[in-house]
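Comments concern the structure below.
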Amino acid sequence: MNWISTFLKSSIGKKLLMGLTGLFLCTFLIVHLSGNLQLLKHDGGLAFNTYAVFMTTNPLIKFVSYGLYAIILFHAFWGLYLVMENKKARPVQYASYNGNANSNWSSRWMGVLGTIILAFLILHMWNFWAQYKFGTTPYTQYERNLATGKVTFSPFTGEIAGKMEKFVDTERNVEITQVKDLYAIVADGFKAWWLVIIYVISMAALSFHLVHGFSSAFQTLGVNHKKYNALIKNIGVWLFGIIIPILFAIMPIYFLLLN
Amino acid sequence: MSNILDSKIPEGNLNEKWTKYKSSVHLVNPANKRSLEIIVVGSGLAGSAAAASLAEMGYKVKCFCFQDSPRRAHSIAAQGGINAAKNYQNDGDSTYRLFYDTIKGGDYRAREGNVHRLAEVSSSIIDQCVAQGVPFAREYGGLLSNRSFGGTQVQRTFYAAGQTGQQLLLGAYSALERQVGMGQVKMYSRHEMLDVVTIDGKARGIIARDLVTGQLERHFGHAVLLCSGGYGNVFYLSTNAMGSNVTAAWKAHKRGAYMANPCYTQIHPTCIPRSGDHQSKLTLMSESLRNDGRIWVPAKKEDAEALRNGTLRPTQIKEEDRDYYLERRYPAFGNLVPRDVASRAAKERCDAGFGVNSTGEAVYLDFFYNMTEKYGRTEATKKGIENPTAPQLKEFGAGVIKEKYGNLFDMYKQITGVDPYEEPMQIYPAVHYTMGGLWVDYNLMTTVPGLYALGEANFSDHGANRLGASALMQGLADGYFVIPYTIGDYLADEIRTKAISTDHPAFAATEKEVEDKIQKLLNIKGTKSVDHYHKRLGKIMWDECGMARNTEGLKSAIASIQQIKTEFWSNVRVPGEANEFNQELEKAGRVADFIELGELMCKDALERNESCGGHFREEYQTDEGEALRDDVNFAFVSAWENQEDGWKLHKEELKFENIKIAARSYK
Amino acid sequence: MKINLKVWRQKNNKAKGELKDYKVDHVSPDMSFLEMFDVLNEDLITKGDDPIAFDHDCREGICGSCSMHINGRPHGPLAGVTTCQLHMRSFKDGDTIVVEPWRAGAFPVNKDLSVDRSAFDRIIAAGGFISVNTGNAQDANNLPIGKEAADEAFMSAACIGCGACVAACKNASAMLFVSAKVSQLSLLPQGQPEAKMRVMAMVNQMDAEGFGSCTNTGACSAECPKGIDLSNIARMNREFFSANLTGK
């Protein structure tokens, strides 16, 4: 299997790893967004909290998530390594360099944009993942009226095994969910305006990173054809550069305004 | 010593000479090839092709070029195409026809044997290039496309857009680099050959200067091949690359190689005129433009004056005030007369005071008539417009012109800042190619044993005038298909010659001479730059030994050039040191050689009392101003031997056994 | 016109360089950029100074010698031209122009504005050819090649090897140059037999020369005087993957 290591040590092999991991992370963004969009549901966080429990307990998801962490770290540090390698290729810098004349700003600042995103991820994990896993997360009891579908909720102070218990109170005809309330942490966290600003800025960085990154990954994979280039470019710009970052950015703003 | 000028053309029928030669020439067995070293100077079509082919055969090759990469040789700039007698178009082409056209085009001043061989191998060149991956233009069916070029009656020119020279050179370059990668060729880029080393009368190596470090190097070779191109830059302004020079050939000449027909210079009629004294180089506009452009100057001197002052625009001059002088003088061929005729006619008008730009050296090439009347009207008819307006005609016609010549029009605008769709182009003739060069025999060997000259550096195939699309053919023929055979004839006798150490006294002595010359140049520390002398030389050459020559002018030119030589060697300023990257020093050495060559060119032109091809002597013309060739007295090659006290002329008689000599007429 | 220049001066590869100021008066808008340098050099020589070294040869945009980084861009402000095709009418009276050599570890400076681009030659020597000895070829028309493929191969083959792609790229990557040659030969049937060996050898040599890797900024193609397309790089990536996955 010597050829694999030789291949991956070549400049094209190195960037192939960036492209493949980048595209994988793009698909993760879609999953992450679709889950998080449940924050915007007017149910006091029932759907979101249920989703959070599913994502943290399902063995398959857990397995995938460790892979995800590894890939995020790999993508970030491999990228930084390549940036440094590439810097070495030009030991003496230009006194005058007009990059804007020949390329997009974002394509030349992928390393910086990526570093911002990495810093954001650390903050983001600290804010929510660490709090949820290691912090003192409150529990909430949701009661959903099975006849009307109306949901009410109140703090839950009792003890349950695990993160969630779900049962039906046939007498009152309600479905009761007692669950670890990540939603509350989110709602509480985004009361801080400065955190919201950091999140919004980070989403802007993500946007620029993906405007270049998405289509760049296809080019790296060798996918470049007149018929499909516009499609790839448009998905990169509209879906990953505009829609996804905006939807992500809406969440902190939503909670800030909610307060 | 007339036996020295034995052209060694094989006996026998013209058709069989080369075939017979190939089957009877001495061969070198593969084991011996490995111990034979060959030096190739120059990496253009001839040099790259020769170096690659010889290395493939097993010889040890060293290849030198002064550019930073072999791919930059000036062959790369050839636009038009390459001729080959393939007859793919079923239009009656044949080896004989290509041979005939080349001899006739050369105004009957080339050797039959060499030219026929060139026509014979032309076909293999195309095969070889296609196999190398040269992307020639093709038809939709996948077969090669041809066009007619330079007024020939058959379509035999293969091309790759307007960049044929580039594609052919890159093909030869890749073959060369392949051998470099295999270790069969050692490439020396940024190295300039500064002398030939001869031992016992045979060429045994060269002295080269590493242009980056300035160090002189000695290199041994059992044979030395000069593929160093032409010397058009003796005129200072030409379409040649800035670095193109005669130095390698001239050093060979100083070491005993004869210089043949140095006065035959091809001048191309459609170049962009110079815009002022700062001009460093001229740019060719494809000859195809003459198919649709009409050439004129104002009929009134005051209009020409106003154009030169910039107070009048050409479009303001009325039709009746224009002089379409080619159509007037040559009603049958009009604007399509051959290169030399068109060039001289432009010079005649400008000399008479009708030049149209600030330098007074430009005529108009006007597309307006054909754009509107020829193409505009046809397009309007196609669109069903019966009475098109003038703007409509122009719009439709401009579309057609754009399709045909778009890139040329863009290039013109880029260089001059004038939009040729709105105003006529300005053109003027410029030096383009030199048919003369080192005298070689059928084997391409010069008068120095073991010293060869290939491509534009030799004189052999184009006579007094070269046909369009034949330069590329000759360079590649010499490199790919001639020298690999003919060199065996010499090297077969050299297999017992062991590599000679570069400590040999001949190497030391030659290196010392080179070094002394460099020091001499550096130590003059005068007041004028190298370019100053080069420009003066160029002006004299252009005025007196250019499109038209006469006894008086040539005599005064020789005197002026001798004067320049004296001044150069007493007052030139070459800054910097010998042992460093020093571009002025490079130029100084080249210009010193150009000055000497210039004198010989004038001497050769003076000696040749006739007009033929690229050599027009004003004394020898018909009443209508046409060239008057003298086949009785001048059907020979002039080969000049360098001697202590000047040059000695040797003559090689040209025998035409297969072609009947006739006069050229374009009336 | 009067022009102010800031030009990189460096005596040789070992020496330290710096930007130096020069003034050129009497610049005509019709001059080419290099002719403006000729005038300046003439002036420097008469004054007894060392003229500025720069590479140039054909001065018509095809040999690929000229290589000036002008006001932050290879070959200056115009698209689709080399330095020698740039004319002073593209500048204004009184402009200050910064002129530097190509900057790349793989292109060491010889002197002033002249750099050593022999890395490109070594990449071609590694595999940028079709292995066919002189004299072995079949008749040229025995191998039909579709016009589209031939034209596309020609577009790739139009590369002049000037190195503007490396100069423009923020990573000093040579991918456009290498991929243009790989593309030309892989688009043609003649190039197929050794296609896999070729791309591997050329990429390995490119890496060994110390060029950076490609991050698809597109600067190379935008600055290429011959407009070599980015699709060449994608094609080389494909060729490289398939060569690695399925080659020996």
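Naming scheme: A, B, ... for chains in displayed order of the structure tokens; residues 1 onward per chain; ligands 1 onward as shown.
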
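For chain B, the residues close to chain C, meaning within 6 Å and counting only C-alpha atoms, are Ser53, Arg72, Asp127, Gln128, Val130, Ala131, Gln132, Pro135, Arg138, Glu139, Tyr140, Gly142, Leu143, Ser174, Glu177, Arg178, Gly181, Ala241, Met242 and Gly243 of chain B.
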
Could you write out the selected residues, including all heavy atoms, as a compact mmCIF listing (two decimals), in the first residue's frame?
```
# COMPACT_ATOMS: atom_id res chain seq x y z
N SER B 53 17.40 14.05 -32.06
CA SER B 53 17.54 12.90 -32.95
C SER B 53 18.88 12.21 -32.77
O SER B 53 18.96 10.98 -32.76
CB SER B 53 17.40 13.33 -34.41
OG SER B 53 16.17 14.00 -34.60
N ARG B 72 12.67 28.88 -25.85
CA ARG B 72 12.47 30.28 -26.21
C ARG B 72 13.11 30.68 -27.53
O ARG B 72 13.02 31.84 -27.94
CB ARG B 72 13.02 31.19 -25.11
CG ARG B 72 12.60 30.78 -23.71
CD ARG B 72 12.08 31.93 -22.89
NE ARG B 72 11.90 31.54 -21.50
CZ ARG B 72 10.77 31.04 -21.01
NH1 ARG B 72 9.71 30.88 -21.80
NH2 ARG B 72 10.68 30.70 -19.75
N ASP B 127 4.69 13.82 -40.38
CA ASP B 127 4.43 12.57 -39.66
C ASP B 127 5.08 12.61 -38.28
O ASP B 127 4.46 12.28 -37.27
CB ASP B 127 4.99 11.37 -40.44
CG ASP B 127 4.39 11.26 -41.84
OD1 ASP B 127 3.31 11.85 -42.06
OD2 ASP B 127 5.01 10.62 -42.70
N GLN B 128 6.34 13.02 -38.26
CA GLN B 128 7.07 13.06 -37.01
C GLN B 128 6.40 14.00 -36.01
O GLN B 128 6.22 13.67 -34.84
CB GLN B 128 8.52 13.51 -37.29
CG GLN B 128 9.38 13.69 -36.05
CD GLN B 128 9.60 12.38 -35.32
OE1 GLN B 128 9.45 11.31 -35.89
NE2 GLN B 128 9.92 12.47 -34.04
N VAL B 130 3.29 15.10 -35.89
CA VAL B 130 2.00 14.61 -35.41
C VAL B 130 2.22 13.53 -34.35
O VAL B 130 1.57 13.51 -33.30
CB VAL B 130 1.14 14.08 -36.58
CG1 VAL B 130 -0.04 13.26 -36.07
CG2 VAL B 130 0.64 15.24 -37.42
N ALA B 131 3.19 12.66 -34.59
CA ALA B 131 3.46 11.61 -33.61
C ALA B 131 3.91 12.19 -32.27
O ALA B 131 3.67 11.62 -31.21
CB ALA B 131 4.53 10.66 -34.15
N GLN B 132 4.56 13.35 -32.33
CA GLN B 132 5.01 14.00 -31.09
C GLN B 132 3.89 14.70 -30.34
O GLN B 132 4.09 15.19 -29.23
CB GLN B 132 6.04 15.09 -31.43
CG GLN B 132 7.40 14.60 -31.80
CD GLN B 132 8.26 15.76 -32.27
OE1 GLN B 132 7.74 16.84 -32.60
NE2 GLN B 132 9.55 15.55 -32.31
N PRO B 135 -0.35 19.81 -32.15
CA PRO B 135 -1.78 19.93 -32.49
C PRO B 135 -2.02 20.77 -33.74
O PRO B 135 -2.47 21.90 -33.65
CB PRO B 135 -2.37 20.58 -31.24
CG PRO B 135 -1.26 21.37 -30.65
CD PRO B 135 0.03 20.71 -31.04
N ARG B 138 -7.14 20.75 -37.86
CA ARG B 138 -7.76 19.59 -38.48
C ARG B 138 -9.16 19.89 -39.00
O ARG B 138 -9.78 20.86 -38.59
CB ARG B 138 -7.84 18.43 -37.46
CG ARG B 138 -6.49 17.83 -37.24
CD ARG B 138 -6.49 16.74 -36.19
NE ARG B 138 -5.12 16.26 -36.03
CZ ARG B 138 -4.60 15.23 -36.68
NH1 ARG B 138 -5.33 14.55 -37.54
NH2 ARG B 138 -3.35 14.87 -36.49
N GLU B 139 -9.59 19.04 -39.91
CA GLU B 139 -10.96 19.12 -40.42
C GLU B 139 -11.87 18.37 -39.47
O GLU B 139 -11.41 17.61 -38.62
CB GLU B 139 -11.04 18.47 -41.81
CG GLU B 139 -10.02 18.96 -42.82
CD GLU B 139 -10.29 20.39 -43.26
OE1 GLU B 139 -11.36 20.92 -42.93
OE2 GLU B 139 -9.41 20.96 -43.92
N TYR B 140 -13.19 18.53 -39.66
CA TYR B 140 -14.12 17.83 -38.76
C TYR B 140 -13.97 16.32 -38.84
O TYR B 140 -14.19 15.61 -37.88
CB TYR B 140 -15.56 18.27 -39.03
CG TYR B 140 -15.85 19.59 -38.39
CD1 TYR B 140 -15.83 20.76 -39.13
CD2 TYR B 140 -16.07 19.68 -37.02
CE1 TYR B 140 -16.04 22.00 -38.53
CE2 TYR B 140 -16.27 20.91 -36.41
CZ TYR B 140 -16.26 22.06 -37.17
OH TYR B 140 -16.45 23.26 -36.56
N GLY B 142 -11.38 14.74 -38.86
CA GLY B 142 -10.24 14.29 -38.09
C GLY B 142 -8.94 14.31 -38.84
O GLY B 142 -7.89 13.99 -38.28
N LEU B 143 -8.99 14.64 -40.14
CA LEU B 143 -7.74 14.66 -40.91
C LEU B 143 -7.14 16.06 -40.91
O LEU B 143 -7.81 17.04 -40.57
CB LEU B 143 -8.00 14.18 -42.34
CG LEU B 143 -8.60 12.77 -42.43
CD1 LEU B 143 -8.76 12.36 -43.89
CD2 LEU B 143 -7.74 11.77 -41.68
N SER B 174 10.21 19.21 -26.62
CA SER B 174 9.83 18.10 -25.74
C SER B 174 10.67 16.86 -26.07
O SER B 174 11.08 16.12 -25.16
CB SER B 174 8.33 17.81 -25.82
OG SER B 174 7.98 17.34 -27.09
N GLU B 177 13.95 17.60 -24.41
CA GLU B 177 13.90 17.45 -22.95
C GLU B 177 13.80 15.98 -22.55
O GLU B 177 14.28 15.58 -21.50
CB GLU B 177 12.73 18.26 -22.36
CG GLU B 177 12.95 19.76 -22.38
CD GLU B 177 14.14 20.23 -21.53
OE1 GLU B 177 14.56 19.49 -20.61
OE2 GLU B 177 14.66 21.33 -21.80
N ARG B 178 13.14 15.20 -23.39
CA ARG B 178 13.06 13.76 -23.10
C ARG B 178 14.47 13.19 -23.03
O ARG B 178 14.80 12.41 -22.13
CB ARG B 178 12.24 13.09 -24.21
CG ARG B 178 12.24 11.58 -24.12
CD ARG B 178 11.25 10.98 -25.11
NE ARG B 178 11.53 9.57 -25.33
CZ ARG B 178 11.92 9.05 -26.48
NH1 ARG B 178 12.07 9.82 -27.55
NH2 ARG B 178 12.16 7.76 -26.58
N GLY B 181 16.18 14.30 -19.94
CA GLY B 181 15.74 13.49 -18.80
C GLY B 181 16.41 12.12 -18.78
O GLY B 181 16.67 11.55 -17.71
N ALA B 241 14.08 38.16 -32.86
CA ALA B 241 14.09 38.39 -31.42
C ALA B 241 15.29 39.26 -31.06
O ALA B 241 16.28 39.31 -31.81
CB ALA B 241 14.18 37.06 -30.69
N MET B 242 15.20 39.92 -29.93
CA MET B 242 16.25 40.83 -29.52
C MET B 242 17.61 40.14 -29.42
O MET B 242 18.64 40.73 -29.68
CB MET B 242 15.92 41.46 -28.16
CG MET B 242 14.64 42.25 -28.14
SD MET B 242 14.70 43.66 -29.24
CE MET B 242 15.74 44.75 -28.28
N GLY B 243 17.57 38.89 -29.00
CA GLY B 243 18.84 38.19 -28.77
C GLY B 243 19.41 37.50 -30.00
O GLY B 243 20.55 37.06 -29.98
```

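Using only C-alpha atoms, the protein and nucleic acid residues lying no more than 6 Å from Pro269 in chain B, apart from those fewer than 5 places from it along its own chain, are Arg339, Ser343, Tyr428 and Pro429 of chain B.
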
Mind dumping a table of every range 189-306 of chain B residue within 8 Å of range 525-538 of chain B, with the nearest atom pair and its distance in Å to one decimal, using only C-alpha atoms, sorted by chain and rising number, as JSON lines?
```
{"residue": "B:Asn233", "atom": "CA", "partner": "B:Gly538", "partner_atom": "CA", "distance": 7.9}
{"residue": "B:Val234", "atom": "CA", "partner": "B:Gly538", "partner_atom": "CA", "distance": 6.0}
{"residue": "B:Phe235", "atom": "CA", "partner": "B:Gly538", "partner_atom": "CA", "distance": 3.9}
{"residue": "B:Tyr236", "atom": "CA", "partner": "B:Gly538", "partner_atom": "CA", "distance": 4.6}
{"residue": "B:Leu237", "atom": "CA", "partner": "B:Gly538", "partner_atom": "CA", "distance": 6.9}
```

Next, the residues of the selection above should be written as a compact mmCIF listing (two decimals), in the first residue's frame with all heavy atoms.
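Generated output (selection_4.txt):
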```txt
# COMPACT_ATOMS: atom_id res chain seq x y z
N ASN B 233 19.29 40.83 -37.30
CA ASN B 233 19.47 41.93 -36.36
C ASN B 233 20.67 42.82 -36.70
O ASN B 233 20.91 43.80 -36.00
CB ASN B 233 19.62 41.39 -34.93
CG ASN B 233 18.26 41.22 -34.26
OD1 ASN B 233 17.27 41.76 -34.75
ND2 ASN B 233 18.23 40.50 -33.18
N VAL B 234 21.38 42.48 -37.75
CA VAL B 234 22.44 43.38 -38.19
C VAL B 234 21.81 44.73 -38.58
O VAL B 234 22.44 45.77 -38.54
CB VAL B 234 23.23 42.77 -39.38
CG1 VAL B 234 22.36 42.65 -40.62
CG2 VAL B 234 24.49 43.59 -39.69
N PHE B 235 20.50 44.69 -38.92
CA PHE B 235 19.77 45.90 -39.28
C PHE B 235 19.23 46.64 -38.06
O PHE B 235 18.47 47.57 -38.19
CB PHE B 235 18.60 45.55 -40.21
CG PHE B 235 19.03 45.06 -41.56
CD1 PHE B 235 19.32 43.72 -41.79
CD2 PHE B 235 19.18 45.96 -42.62
CE1 PHE B 235 19.74 43.29 -43.04
CE2 PHE B 235 19.60 45.53 -43.87
CZ PHE B 235 19.89 44.19 -44.08
N TYR B 236 19.61 46.25 -36.88
CA TYR B 236 19.10 46.72 -35.60
C TYR B 236 17.60 46.44 -35.48
O TYR B 236 17.18 45.68 -34.65
CB TYR B 236 19.39 48.20 -35.34
CG TYR B 236 18.93 48.61 -33.95
CD1 TYR B 236 19.60 48.14 -32.83
CD2 TYR B 236 17.81 49.40 -33.77
CE1 TYR B 236 19.17 48.46 -31.55
CE2 TYR B 236 17.37 49.73 -32.49
CZ TYR B 236 18.06 49.25 -31.39
OH TYR B 236 17.61 49.56 -30.13
N LEU B 237 16.80 47.08 -36.36
CA LEU B 237 15.36 46.79 -36.31
C LEU B 237 15.04 45.66 -37.28
O LEU B 237 15.35 45.73 -38.46
CB LEU B 237 14.57 48.03 -36.70
CG LEU B 237 14.55 49.15 -35.67
CD1 LEU B 237 13.72 50.31 -36.20
CD2 LEU B 237 13.99 48.66 -34.34
```

Practice task
Taking only C-alpha atoms into account, report as number ranges by chain which residues of chain A lie within 10 Å of chain C.
Solution key: A: 3-4, 6-16, 18-19, 82-110, 212-213, 215-226

Exercise for the section: Per DSSP on the backbone, filter range 49-189 of chain C down to the residues in alpha helix (DSSP H) and report them as an MDAnalysis selection string. Expected result: chainID C and resid 118:127 147:157 164:168 175:187

Take the selection from the previous step and output its residues with N, CA and C atoms, as an mmCIF file, in the first residue's frame.
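See selection_4.cif below for the written result:
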```cif
data_model
loop_
_atom_site.group_PDB
_atom_site.id
_atom_site.type_symbol
_atom_site.label_atom_id
_atom_site.label_comp_id
_atom_site.auth_asym_id
_atom_site.auth_seq_id
_atom_site.Cartn_x
_atom_site.Cartn_y
_atom_site.Cartn_z
ATOM 1 N N SER C 118 14.416 27.326 -14.835
ATOM 2 C CA SER C 118 14.773 26.008 -15.372
ATOM 3 C C SER C 118 13.963 24.882 -14.719
ATOM 4 N N ALA C 119 13.313 25.184 -13.593
ATOM 5 C CA ALA C 119 12.432 24.171 -12.995
ATOM 6 C C ALA C 119 11.388 23.701 -14.008
ATOM 7 N N PHE C 120 10.911 24.618 -14.828
ATOM 8 C CA PHE C 120 9.916 24.264 -15.856
ATOM 9 C C PHE C 120 10.501 23.253 -16.846
ATOM 10 N N ASP C 121 11.747 23.480 -17.234
ATOM 11 C CA ASP C 121 12.389 22.548 -18.169
ATOM 12 C C ASP C 121 12.501 21.160 -17.538
ATOM 13 N N ARG C 122 12.854 21.136 -16.257
ATOM 14 C CA ARG C 122 13.017 19.831 -15.607
ATOM 15 C C ARG C 122 11.677 19.099 -15.495
ATOM 16 N N ILE C 123 10.603 19.863 -15.333
ATOM 17 C CA ILE C 123 9.281 19.219 -15.277
ATOM 18 C C ILE C 123 8.950 18.589 -16.631
ATOM 19 N N ILE C 124 9.262 19.326 -17.710
ATOM 20 C CA ILE C 124 9.008 18.772 -19.042
ATOM 21 C C ILE C 124 9.905 17.548 -19.266
ATOM 22 N N ALA C 125 11.166 17.656 -18.832
ATOM 23 C CA ALA C 125 12.092 16.533 -19.023
ATOM 24 C C ALA C 125 11.619 15.293 -18.272
ATOM 25 N N ALA C 126 10.859 15.512 -17.192
ATOM 26 C CA ALA C 126 10.379 14.368 -16.406
ATOM 27 C C ALA C 126 9.289 13.598 -17.144
ATOM 28 N N GLY C 127 8.568 14.252 -18.039
ATOM 29 C CA GLY C 127 7.496 13.499 -18.702
ATOM 30 C C GLY C 127 6.673 14.283 -19.717
ATOM 31 N N LYS C 147 -11.736 17.330 -34.594
ATOM 32 C CA LYS C 147 -11.361 18.744 -34.582
ATOM 33 C C LYS C 147 -11.465 19.333 -33.182
ATOM 34 N N GLU C 148 -12.507 18.926 -32.465
ATOM 35 C CA GLU C 148 -12.684 19.499 -31.121
ATOM 36 C C GLU C 148 -11.522 19.147 -30.206
ATOM 37 N N ALA C 149 -11.138 17.875 -30.234
ATOM 38 C CA ALA C 149 -10.015 17.456 -29.386
ATOM 39 C C ALA C 149 -8.746 18.164 -29.824
ATOM 40 N N ALA C 150 -8.539 18.258 -31.139
ATOM 41 C CA ALA C 150 -7.329 18.911 -31.649
ATOM 42 C C ALA C 150 -7.298 20.374 -31.231
ATOM 43 N N ASP C 151 -8.461 21.035 -31.363
ATOM 44 C CA ASP C 151 -8.512 22.451 -30.984
ATOM 45 C C ASP C 151 -8.271 22.633 -29.488
ATOM 46 N N GLU C 152 -8.858 21.741 -28.695
ATOM 47 C CA GLU C 152 -8.695 21.861 -27.251
ATOM 48 C C GLU C 152 -7.233 21.610 -26.865
ATOM 49 N N ALA C 153 -6.636 20.615 -27.501
ATOM 50 C CA ALA C 153 -5.222 20.333 -27.232
ATOM 51 C C ALA C 153 -4.378 21.543 -27.606
ATOM 52 N N PHE C 154 -4.747 22.186 -28.705
ATOM 53 C CA PHE C 154 -3.996 23.373 -29.118
ATOM 54 C C PHE C 154 -4.107 24.486 -28.077
ATOM 55 N N MET C 155 -5.328 24.667 -27.552
ATOM 56 C CA MET C 155 -5.509 25.727 -26.540
ATOM 57 C C MET C 155 -4.594 25.488 -25.351
ATOM 58 N N SER C 156 -4.455 24.230 -24.962
ATOM 59 C CA SER C 156 -3.570 23.913 -23.835
ATOM 60 C C SER C 156 -2.114 24.090 -24.244
ATOM 61 N N ALA C 157 -1.824 23.735 -25.491
ATOM 62 C CA ALA C 157 -0.444 23.796 -25.969
ATOM 63 C C ALA C 157 0.020 25.223 -26.205
ATOM 64 N N ALA C 164 4.004 33.267 -15.433
ATOM 65 C CA ALA C 164 3.101 34.246 -14.818
ATOM 66 C C ALA C 164 2.138 33.561 -13.853
ATOM 67 N N CYS C 165 1.788 32.304 -14.150
ATOM 68 C CA CYS C 165 0.866 31.563 -13.285
ATOM 69 C C CYS C 165 1.475 31.382 -11.900
ATOM 70 N N VAL C 166 2.756 31.024 -11.886
ATOM 71 C CA VAL C 166 3.449 30.848 -10.610
ATOM 72 C C VAL C 166 3.557 32.193 -9.895
ATOM 73 N N ALA C 167 3.872 33.225 -10.693
ATOM 74 C CA ALA C 167 4.059 34.557 -10.112
ATOM 75 C C ALA C 167 2.769 35.083 -9.507
ATOM 76 N N ALA C 168 1.631 34.769 -10.148
ATOM 77 C CA ALA C 168 0.355 35.302 -9.681
ATOM 78 C C ALA C 168 -0.173 34.534 -8.485
ATOM 79 N N MET C 175 0.752 24.580 -11.028
ATOM 80 C CA MET C 175 -0.251 23.640 -11.534
ATOM 81 C C MET C 175 -0.756 23.995 -12.928
ATOM 82 N N LEU C 176 -0.914 25.288 -13.223
ATOM 83 C CA LEU C 176 -1.470 25.637 -14.533
ATOM 84 C C LEU C 176 -0.483 25.258 -15.637
ATOM 85 N N PHE C 177 0.777 25.570 -15.416
ATOM 86 C CA PHE C 177 1.803 25.220 -16.402
ATOM 87 C C PHE C 177 1.847 23.714 -16.631
ATOM 88 N N VAL C 178 1.936 22.967 -15.539
ATOM 89 C CA VAL C 178 2.086 21.511 -15.668
ATOM 90 C C VAL C 178 0.825 20.907 -16.285
ATOM 91 N N SER C 179 -0.322 21.395 -15.829
ATOM 92 C CA SER C 179 -1.565 20.797 -16.308
ATOM 93 C C SER C 179 -1.803 21.109 -17.781
ATOM 94 N N ALA C 180 -1.300 22.242 -18.251
ATOM 95 C CA ALA C 180 -1.488 22.569 -19.669
ATOM 96 C C ALA C 180 -0.786 21.522 -20.536
ATOM 97 N N LYS C 181 0.413 21.143 -20.141
ATOM 98 C CA LYS C 181 1.143 20.139 -20.926
ATOM 99 C C LYS C 181 0.498 18.760 -20.771
ATOM 100 N N VAL C 182 0.135 18.421 -19.526
ATOM 101 C CA VAL C 182 -0.527 17.125 -19.304
ATOM 102 C C VAL C 182 -1.809 17.057 -20.129
ATOM 103 N N SER C 183 -2.558 18.148 -20.138
ATOM 104 C CA SER C 183 -3.823 18.177 -20.876
ATOM 105 C C SER C 183 -3.593 18.011 -22.363
ATOM 106 N N GLN C 184 -2.674 18.792 -22.893
ATOM 107 C CA GLN C 184 -2.427 18.724 -24.345
ATOM 108 C C GLN C 184 -2.182 17.273 -24.761
ATOM 109 N N LEU C 185 -1.318 16.606 -24.016
ATOM 110 C CA LEU C 185 -0.935 15.256 -24.437
ATOM 111 C C LEU C 185 -2.000 14.223 -24.087
ATOM 112 N N SER C 186 -2.801 14.501 -23.066
ATOM 113 C CA SER C 186 -3.812 13.503 -22.729
ATOM 114 C C SER C 186 -5.059 13.657 -23.592
ATOM 115 N N LEU C 187 -5.200 14.830 -24.221
ATOM 116 C CA LEU C 187 -6.347 15.021 -25.109
ATOM 117 C C LEU C 187 -6.118 14.351 -26.464
#
```

Practice task
Tell me, in Å to one decimal, how far CA of Ser7 in chain B is from CA of Leu467 in chain B.
Solution key: 22.9 Å

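Of the listed residues (A:Trp194, A:Phe156, A:Phe28, A:Tyr132), A:Phe28 comes nearest to Ser65 in chain A; the distances count only C-alpha atoms.
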
Exercise for the section: Between CA of Asn240 in chain B and CA of Glu544 in chain B, measure the distance and give it in Å to one decimal. Expected result: 19.8 Å

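Coordinates place CA of Glu305 in chain B at a distance of 8.9 Å from CA of Gly360 in chain B.
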
Practice task
Could you give me the residues within range 36-228 of chain C that DSSP places in strand (DSSP E or B), as a PyMOL selection string?
Solution key: chain C and resi 69-70+73-74+87+96-100+109-111+114-115+173+212

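Every protein, DNA or RNA residue with an atom at most 7 Å from Tyr433 in chain B, where only C-alpha atoms count and chain neighbours fewer than 4 positions away do not, is listed here: Gly230, Gly232, Thr265 and Gln266 of chain B.
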
Residues just named, written with C-alpha atoms as a PDB file, in the first residue's frame:
```pdb
ATOM      1  CA  GLY B 230      19.835  34.126 -38.867  1.00  0.00           C
ATOM      2  CA  GLY B 232      18.604  39.901 -39.434  1.00  0.00           C
ATOM      3  CA  THR B 265      17.956  39.398 -47.038  1.00  0.00           C
ATOM      4  CA  GLN B 266      14.230  38.889 -46.985  1.00  0.00           C
TER       5      GLN B 266
END
```

Exercise for the section: Can you pull out every residue within 12 Å of Asn234 in chain A, counting only C-alpha atoms, but drop anything in the same chain fewer than 6 positions away, and send it as a count of residues only? Expected result: 10

Practice task
Find the residues near Asp101 in chain B: any atom within 12 Å, counting only C-alpha atoms, skip ones fewer than 2 places away on the same chain, and give them as an MDAnalysis selection string.
Solution key: chainID B and resid 83:85 93:99 103:108 110 112 115:116 119 150:154 156 461:463 465:468 470 659
